[in-house]
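Enquirer: Quick one: the structure is below, and I'll ask about it shortly.
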Amino acid sequence: MKVLILNGSPRGERSNTLIVTKAFLEGMKSSGEELETEFVTVAKHHIDHCKGCFCCWQNTPGECIIKDDMKALLPKYIQADYVIWSFPLYYYGMPSLLKAFMDRLLPINLPYIGEKEDGSNFHPSRYDLTKQRHVLISTCGFCSTENNYEALLKQFDIITKGNYVKILCPEGELLQIPQLKPRIDPYLTSVRSAGEELLRHQCILPETKGELEALLVPAKQFVEMANASWKAI
């Protein structure tokens, strides 16, 4: 089973989100499934923006004419059984580096327009990706997901046809604070459980979901800490 981890944080290996992602991957490995994993740190790759030329649909079907690192990355995405999207929330969406990667997935689609039962349109896939599953792992600097993640989640609802699980971790900046280790360690244990459960049960169990949705510290305390940190600058 192939697992592709897309580290979309501009911080690279210093990413707070990556702490959660690595714990989740540890859980997947503990399930007993034989996994072939590969990390792609998007910030280390040369990925140009899609030019909207549609050559990948017309002139060179399935292949982008831009000569950069996407030529090697696209097959990895197509062949993955699980794609883990790991990134912090940037202005209510994903970081622009990762969005450029997503835009460059255009060659995996066909140009023809299909119609869904609700009357909306879509481009059919060039490949059979019906068994591919997605995991969205994201941290943010707020203490709530409400009015922060809705636009991003809608995008994933559409792109993956709802075939994804998510771990959203507000207060993500706290993950690297040593004094909070007694709270962080149990949280990461729950993240590992989620990874194992996904492979064993094809879902994250309700009890584990509840543990992952609990804040790392109370909201009022987090806001006070965050605001104080900016005043100190």
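Identifiers in this document derive from the order of the structure tokens: chains are assigned A, B, ..., residues are numbered from 1 separately in each chain, and ligands are numbered from 1 in order of occurrence.
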Pick out the residues sitting within 12 Å of segment 34-50 of chain A, and hand them over as JSON, numbers by chain; count only C-alpha atoms, and ignore anything fewer than 6 positions along from it in its own chain.
Expert: {"A": [1, 2, 3, 4, 5, 6, 7, 8, 9, 10, 11, 12, 13, 14, 15, 18, 21, 22, 25, 26, 27, 28, 56, 64, 65, 66, 67, 68, 69, 70, 71, 72, 73, 74, 76, 77, 79, 80, 81, 82, 83, 84, 85, 86, 87, 95, 96, 97, 98, 99, 100, 101, 102, 103, 104, 105, 106, 107, 199]}
Enquirer: Residues within 10 Å of Gly93 of chain A, please, as JSON, numbers by chain. Count only C-alpha atoms; anything in the same chain fewer than 5 positions from it doesn't count.
Expert: {"A": [87, 88, 99, 148, 149, 150, 151, 152, 153, 155]}
Enquirer: Considering only C-alpha atoms, return as a list in words whatever protein or nucleic-acid residues lie within 12 Å of Leu174 of chain A, sequence-local ones (same chain, fewer than 6 positions apart) excluded.
Expert: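 Residues near the query, excluding close chain neighbours: Ser15, Asn16, Thr17, Ile19, Val20, Thr139, Cys140, Gly141, Phe142, Cys143, Leu180, Lys181, Pro182, Arg183, Ile184, Asp185, Tyr187, Leu215, Leu216, Val217, Gln221, Phe222, Val223, Met225 and Ala226 of chain A.
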Enquirer: By how many Å are atom CA of Asn227 of chain A and atom CA of Glu213 of chain A apart?
Expert: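 We find that atom CA of Asn227 of chain A and atom CA of Glu213 of chain A lie 22.7 Å from each other.
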Enquirer: Atom CA of Phe24 of chain A and atom CA of Glu171 of chain A are how many Å apart?
Expert: 17.8 Å
Enquirer: Report the residues of segment 11-55 of chain A whose backbone DSSP state falls under strand (DSSP E or B), written as a VMD selection string.
Expert: chain A and resid 36 to 41
